[in-house]
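K.L.:
Have a look at this one before I ask anything.
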Amino acid sequence: MANSASPEDNIVSISNLSFSRGPRKIFDAVSLEIQRGKVTAIMGPSGTGKTTLLKLIGGQLTPDRGQIHVDGQNVHRLKPRELYELRKRMGMLFQSGALLTDMSVYDNVAFPMREHTHLPESMIRTLVLMKLHAVGLRGARHLMPNELSGGMARRVALARAIALDPLMIMYDEPFTGQDPISKGALVHLIKALNTTLGLTSIIVSHDVQETAAIADYIYVLSGGKIIGQGTPQELQQSDSEWVQQFMHGDADGPVHFHYSAPDYLDDLLASK
């Protein structure tokens, strides 16, 4: 089922996107839309280009063909200063958290405000405490990154991502390496922040259960194409073998465990 939102409802519009790394085609004429105010997930097996898609949306990479519009602006036709201004409206939660290790929790969250605004320190303090309170870590503001658990570090990174009240947030594998409690907390936070702050969220993930619990719409990528799309309920009922294998984590199916290789016996017996 296609996303039926009107063009003005879409904060990101991708049309006929093609991108390759050397001889390997990552995307082959992919088109999709990210609707304003919604949580949209980009899912698929490892190595399908999910993180690459975020870099293309953010203008870090340039497509071979096709166009990417963010809030009506053609990302790859913007001048450097215009792209810089657009990026300030995009929050990013990196897979590793990417906290600055020599700065406290407080200073990590304050950093974007000090870098991009001329607010007085008294106002920055108020905003930092508000952002940390939103992720449940106001009391941890004095800690250093090496004193945080993995789940806490991810939540601090989320507080930093919303520091400038962005238009949208992109999450790169937010649940990877998290224990069940931390995963549950992040699931709740992402949905709650999206609703209360009026954000648009793009989640790149292969964690089906957690992502499907909060996503309004899901695109499933494989082999450079969109192989399935729809609400979580629609994808669960999809008649596509590719989609069913991914959503249910089946070992057997169209996605093979073995990378393409010559016949095993022939390979073993081949002369060295």
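By convention here, the chains of the structure tokens are called A, B, ... in the order presented, each chain's residues are numbered starting at 1, and ligands are numbered starting at 1 in the order presented.
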Can you check which residues of segment 98-264 of chain A DSSP gives as alpha helix (DSSP H) on the backbone and send them as an NGL selection string?
P.N.:
:A and (105-116 or 121-134 or 150-161 or 180-196 or 208-214 or 232-236 or 241-248 or 264)
K.L.:
So which bits of segment 25-250 of chain A end up strand (DSSP E or B) when you DSSP the backbone, as an mmCIF file with N, CA, C and O atoms, in the first residue's frame?
P.N.:
data_model
loop_
_atom_site.group_PDB
_atom_site.id
_atom_site.type_symbol
_atom_site.label_atom_id
_atom_site.label_comp_id
_atom_site.auth_asym_id
_atom_site.auth_seq_id
_atom_site.Cartn_x
_atom_site.Cartn_y
_atom_site.Cartn_z
ATOM 1 N N LYS A 25 25.683 -1.390 -6.642
ATOM 2 C CA LYS A 25 24.563 -0.453 -6.645
ATOM 3 C C LYS A 25 23.838 -0.557 -5.313
ATOM 4 O O LYS A 25 23.248 -1.589 -4.987
ATOM 5 N N ILE A 26 23.856 0.530 -4.533
ATOM 6 C CA ILE A 26 23.200 0.556 -3.232
ATOM 7 C C ILE A 26 21.711 0.844 -3.381
ATOM 8 O O ILE A 26 20.870 0.198 -2.755
ATOM 9 N N PHE A 27 21.372 1.835 -4.226
ATOM 10 C CA PHE A 27 19.972 2.175 -4.502
ATOM 11 C C PHE A 27 19.758 2.225 -6.003
ATOM 12 O O PHE A 27 20.582 2.772 -6.737
ATOM 13 N N ASP A 28 18.641 1.685 -6.425
ATOM 14 C CA ASP A 28 18.331 1.601 -7.850
ATOM 15 C C ASP A 28 16.937 2.191 -8.099
ATOM 16 O O ASP A 28 15.924 1.515 -7.951
ATOM 17 N N ALA A 29 16.913 3.494 -8.418
ATOM 18 C CA ALA A 29 15.671 4.206 -8.729
ATOM 19 C C ALA A 29 14.633 4.095 -7.605
ATOM 20 O O ALA A 29 13.476 3.730 -7.820
ATOM 21 N N VAL A 30 15.077 4.409 -6.387
ATOM 22 C CA VAL A 30 14.207 4.334 -5.206
ATOM 23 C C VAL A 30 13.450 5.648 -5.024
ATOM 24 O O VAL A 30 14.024 6.728 -5.119
ATOM 25 N N SER A 31 12.152 5.556 -4.751
ATOM 26 C CA SER A 31 11.325 6.718 -4.453
ATOM 27 C C SER A 31 10.545 6.449 -3.171
ATOM 28 O O SER A 31 9.971 5.366 -3.003
ATOM 29 N N LEU A 32 10.527 7.431 -2.278
ATOM 30 C CA LEU A 32 9.758 7.291 -1.040
ATOM 31 C C LEU A 32 9.488 8.666 -0.451
ATOM 32 O O LEU A 32 10.104 9.659 -0.822
ATOM 33 N N GLU A 33 8.533 8.721 0.474
ATOM 34 C CA GLU A 33 8.173 9.972 1.152
ATOM 35 C C GLU A 33 8.156 9.753 2.656
ATOM 36 O O GLU A 33 7.764 8.688 3.126
ATOM 37 N N ILE A 34 8.581 10.781 3.381
ATOM 38 C CA ILE A 34 8.533 10.788 4.841
ATOM 39 C C ILE A 34 7.499 11.828 5.252
ATOM 40 O O ILE A 34 7.659 13.018 4.965
ATOM 41 N N GLN A 35 6.441 11.402 5.919
ATOM 42 C CA GLN A 35 5.343 12.300 6.244
ATOM 43 C C GLN A 35 5.637 13.111 7.507
ATOM 44 O O GLN A 35 6.195 12.608 8.478
ATOM 45 N N VAL A 39 6.346 8.896 12.633
ATOM 46 C CA VAL A 39 7.547 8.087 12.821
ATOM 47 C C VAL A 39 7.622 7.116 11.640
ATOM 48 O O VAL A 39 6.766 6.241 11.495
ATOM 49 N N THR A 40 8.621 7.303 10.794
ATOM 50 C CA THR A 40 8.797 6.457 9.612
ATOM 51 C C THR A 40 10.059 5.626 9.781
ATOM 52 O O THR A 40 11.120 6.156 10.134
ATOM 53 N N ALA A 41 9.951 4.343 9.543
ATOM 54 C CA ALA A 41 11.092 3.434 9.700
ATOM 55 C C ALA A 41 11.613 2.997 8.334
ATOM 56 O O ALA A 41 10.828 2.726 7.419
ATOM 57 N N ILE A 42 12.943 2.942 8.231
ATOM 58 C CA ILE A 42 13.616 2.378 7.059
ATOM 59 C C ILE A 42 14.288 1.107 7.550
ATOM 60 O O ILE A 42 15.225 1.155 8.350
ATOM 61 N N MET A 43 13.798 -0.029 7.090
ATOM 62 C CA MET A 43 14.275 -1.298 7.623
ATOM 63 C C MET A 43 14.809 -2.183 6.499
ATOM 64 O O MET A 43 14.581 -1.940 5.311
ATOM 65 N N ARG A 65 21.960 9.655 -9.405
ATOM 66 C CA ARG A 65 20.781 10.180 -10.099
ATOM 67 C C ARG A 65 19.665 10.370 -9.081
ATOM 68 O O ARG A 65 19.686 9.781 -8.005
ATOM 69 N N GLY A 66 18.677 11.167 -9.464
ATOM 70 C CA GLY A 66 17.519 11.364 -8.607
ATOM 71 C C GLY A 66 17.627 12.616 -7.756
ATOM 72 O O GLY A 66 18.643 13.318 -7.762
ATOM 73 N N GLN A 67 16.570 12.881 -7.028
ATOM 74 C CA GLN A 67 16.491 14.093 -6.222
ATOM 75 C C GLN A 67 16.001 13.786 -4.818
ATOM 76 O O GLN A 67 15.201 12.862 -4.613
ATOM 77 N N ILE A 68 16.482 14.575 -3.855
ATOM 78 C CA ILE A 68 16.035 14.485 -2.473
ATOM 79 C C ILE A 68 15.631 15.883 -2.023
ATOM 80 O O ILE A 68 16.447 16.812 -2.038
ATOM 81 N N HIS A 69 14.370 16.046 -1.646
ATOM 82 C CA HIS A 69 13.871 17.313 -1.136
ATOM 83 C C HIS A 69 13.588 17.172 0.359
ATOM 84 O O HIS A 69 12.951 16.209 0.780
ATOM 85 N N VAL A 70 14.080 18.123 1.141
ATOM 86 C CA VAL A 70 13.791 18.182 2.576
ATOM 87 C C VAL A 70 13.126 19.522 2.851
ATOM 88 O O VAL A 70 13.711 20.578 2.583
ATOM 89 N N GLN A 73 13.218 21.850 -0.066
ATOM 90 C CA GLN A 73 14.507 22.258 -0.626
ATOM 91 C C GLN A 73 15.232 21.063 -1.241
ATOM 92 O O GLN A 73 15.320 20.000 -0.624
ATOM 93 N N ASN A 74 15.747 21.257 -2.453
ATOM 94 C CA ASN A 74 16.522 20.223 -3.124
ATOM 95 C C ASN A 74 17.908 20.169 -2.480
ATOM 96 O O ASN A 74 18.743 21.041 -2.698
ATOM 97 N N MET A 90 18.010 19.568 11.429
ATOM 98 C CA MET A 90 17.949 18.110 11.473
ATOM 99 C C MET A 90 18.686 17.604 12.717
ATOM 100 O O MET A 90 19.873 17.893 12.896
ATOM 101 N N GLY A 91 18.007 16.888 13.577
ATOM 102 C CA GLY A 91 18.676 16.227 14.683
ATOM 103 C C GLY A 91 19.152 14.855 14.243
ATOM 104 O O GLY A 91 18.561 14.237 13.354
ATOM 105 N N MET A 92 20.247 14.387 14.832
ATOM 106 C CA MET A 92 20.800 13.088 14.447
ATOM 107 C C MET A 92 21.222 12.321 15.683
ATOM 108 O O MET A 92 21.986 12.835 16.509
ATOM 109 N N LEU A 93 20.707 11.109 15.815
ATOM 110 C CA LEU A 93 21.165 10.211 16.880
ATOM 111 C C LEU A 93 22.017 9.132 16.230
ATOM 112 O O LEU A 93 21.497 8.249 15.548
ATOM 113 N N MET A 168 13.192 17.652 12.318
ATOM 114 C CA MET A 168 13.087 16.195 12.313
ATOM 115 C C MET A 168 14.327 15.600 12.953
ATOM 116 O O MET A 168 15.361 16.264 13.070
ATOM 117 N N ILE A 169 14.216 14.357 13.365
ATOM 118 C CA ILE A 169 15.353 13.630 13.933
ATOM 119 C C ILE A 169 15.544 12.331 13.148
ATOM 120 O O ILE A 169 14.575 11.629 12.849
ATOM 121 N N MET A 170 16.793 12.040 12.824
ATOM 122 C CA MET A 170 17.138 10.789 12.166
ATOM 123 C C MET A 170 17.868 9.903 13.175
ATOM 124 O O MET A 170 18.838 10.331 13.805
ATOM 125 N N TYR A 171 17.387 8.693 13.339
ATOM 126 C CA TYR A 171 17.943 7.739 14.301
ATOM 127 C C TYR A 171 18.649 6.623 13.536
ATOM 128 O O TYR A 171 18.022 5.903 12.747
ATOM 129 N N ASP A 172 19.938 6.458 13.782
ATOM 130 C CA ASP A 172 20.708 5.400 13.121
ATOM 131 C C ASP A 172 20.871 4.227 14.079
ATOM 132 O O ASP A 172 21.686 4.286 15.007
ATOM 133 N N THR A 200 9.241 15.074 13.392
ATOM 134 C CA THR A 200 9.174 13.997 12.403
ATOM 135 C C THR A 200 10.381 13.111 12.674
ATOM 136 O O THR A 200 11.499 13.618 12.828
ATOM 137 N N SER A 201 10.173 11.815 12.762
ATOM 138 C CA SER A 201 11.270 10.898 13.093
ATOM 139 C C SER A 201 11.493 9.894 11.970
ATOM 140 O O SER A 201 10.533 9.325 11.434
ATOM 141 N N ILE A 202 12.759 9.706 11.624
ATOM 142 C CA ILE A 202 13.155 8.669 10.667
ATOM 143 C C ILE A 202 14.046 7.692 11.413
ATOM 144 O O ILE A 202 15.108 8.070 11.913
ATOM 145 N N ILE A 203 13.615 6.457 11.508
ATOM 146 C CA ILE A 203 14.361 5.439 12.238
ATOM 147 C C ILE A 203 14.926 4.419 11.260
ATOM 148 O O ILE A 203 14.173 3.773 10.523
ATOM 149 N N VAL A 204 16.239 4.306 11.244
ATOM 150 C CA VAL A 204 16.915 3.257 10.488
ATOM 151 C C VAL A 204 17.208 2.129 11.462
ATOM 152 O O VAL A 204 17.855 2.340 12.485
ATOM 153 N N SER A 205 16.709 0.938 11.162
ATOM 154 C CA SER A 205 16.869 -0.155 12.130
ATOM 155 C C SER A 205 16.616 -1.499 11.472
ATOM 156 O O SER A 205 15.964 -1.591 10.432
ATOM 157 N N TYR A 217 4.745 4.180 9.707
ATOM 158 C CA TYR A 217 4.894 3.666 8.335
ATOM 159 C C TYR A 217 6.291 3.084 8.213
ATOM 160 O O TYR A 217 7.246 3.607 8.795
ATOM 161 N N ILE A 218 6.420 2.004 7.457
ATOM 162 C CA ILE A 218 7.706 1.304 7.321
ATOM 163 C C ILE A 218 8.013 1.058 5.844
ATOM 164 O O ILE A 218 7.132 0.648 5.077
ATOM 165 N N TYR A 219 9.260 1.322 5.474
ATOM 166 C CA TYR A 219 9.789 0.898 4.173
ATOM 167 C C TYR A 219 10.806 -0.204 4.433
ATOM 168 O O TYR A 219 11.674 -0.062 5.298
ATOM 169 N N VAL A 220 10.719 -1.287 3.682
ATOM 170 C CA VAL A 220 11.683 -2.389 3.790
ATOM 171 C C VAL A 220 12.537 -2.398 2.528
ATOM 172 O O VAL A 220 12.012 -2.488 1.409
ATOM 173 N N LEU A 221 13.857 -2.284 2.707
ATOM 174 C CA LEU A 221 14.798 -2.239 1.595
ATOM 175 C C LEU A 221 15.546 -3.560 1.463
ATOM 176 O O LEU A 221 15.873 -4.197 2.467
ATOM 177 N N SER A 222 15.842 -3.927 0.237
ATOM 178 C CA SER A 222 16.717 -5.069 -0.030
ATOM 179 C C SER A 222 17.123 -5.032 -1.496
ATOM 180 O O SER A 222 16.290 -4.730 -2.361
ATOM 181 N N LYS A 225 16.297 -1.915 -3.734
ATOM 182 C CA LYS A 225 14.900 -1.597 -4.039
ATOM 183 C C LYS A 225 14.062 -1.587 -2.766
ATOM 184 O O LYS A 225 14.446 -2.146 -1.736
ATOM 185 N N ILE A 226 12.897 -0.957 -2.845
ATOM 186 C CA ILE A 226 11.907 -1.069 -1.783
ATOM 187 C C ILE A 226 11.090 -2.332 -2.073
ATOM 188 O O ILE A 226 10.394 -2.418 -3.083
ATOM 189 N N ILE A 227 11.205 -3.305 -1.178
ATOM 190 C CA ILE A 227 10.517 -4.577 -1.417
ATOM 191 C C ILE A 227 9.193 -4.660 -0.666
ATOM 192 O O ILE A 227 8.419 -5.604 -0.866
ATOM 193 N N GLY A 228 8.957 -3.687 0.201
ATOM 194 C CA GLY A 228 7.691 -3.663 0.927
ATOM 195 C C GLY A 228 7.514 -2.329 1.619
ATOM 196 O O GLY A 228 8.489 -1.689 2.006
ATOM 197 N N GLN A 229 6.275 -1.905 1.773
ATOM 198 C CA GLN A 229 5.994 -0.673 2.488
ATOM 199 C C GLN A 229 4.559 -0.695 3.001
ATOM 200 O O GLN A 229 3.697 -1.369 2.428
ATOM 201 N N GLY A 230 4.343 0.023 4.090
ATOM 202 C CA GLY A 230 3.013 0.076 4.669
ATOM 203 C C GLY A 230 3.079 0.262 6.167
ATOM 204 O O GLY A 230 4.157 0.459 6.741
#
K.L.:
Pick from A:Leu199, A:Leu189, A:Leu164, A:Val156: nearest to Ala98 of chain A, with only C-alpha atoms counted?
P.N.:
A:Val156
K.L.:
If I take atom CA of Ala153 of chain A and atom CA of Ala140 of chain A, how far is one from the other in Å, to one decimal?
P.N.:
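Rounded to one decimal, the two atoms are 10.5 Å apart.
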K.L.:
Report, in Å with one decimal, the straight-line distance from atom CA of Pro180 of chain A to atom CA of Gln209 of chain A.
P.N.:
11.5 Å
K.L.:
When you draw a straight line from atom CA of Ile124 of chain A to atom CA of Asp107 of chain A, how long is it in Å?
P.N.:
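These two atoms are separated by 10.1 Å.
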K.L.:
Within 10 Å of Ala159 of chain A, counting only C-alpha atoms, which residues qualify if same-chain residues fewer than 4 places away don't, as an NGL selection string?
P.N.:
:A and (91 or 93 or 105-106 or 108-110 or 128-137 or 153-155 or 163-164)
K.L.:
Taking 2 positions as the minimum chain separation for residues in the same chain, which residues sit within 10 Å of Arg87 of chain A when counting only C-alpha atoms? Answer as a VMD selection string.
P.N.:
chain A and resid 57 to 59 75 81 to 85 89 to 92 166 to 167
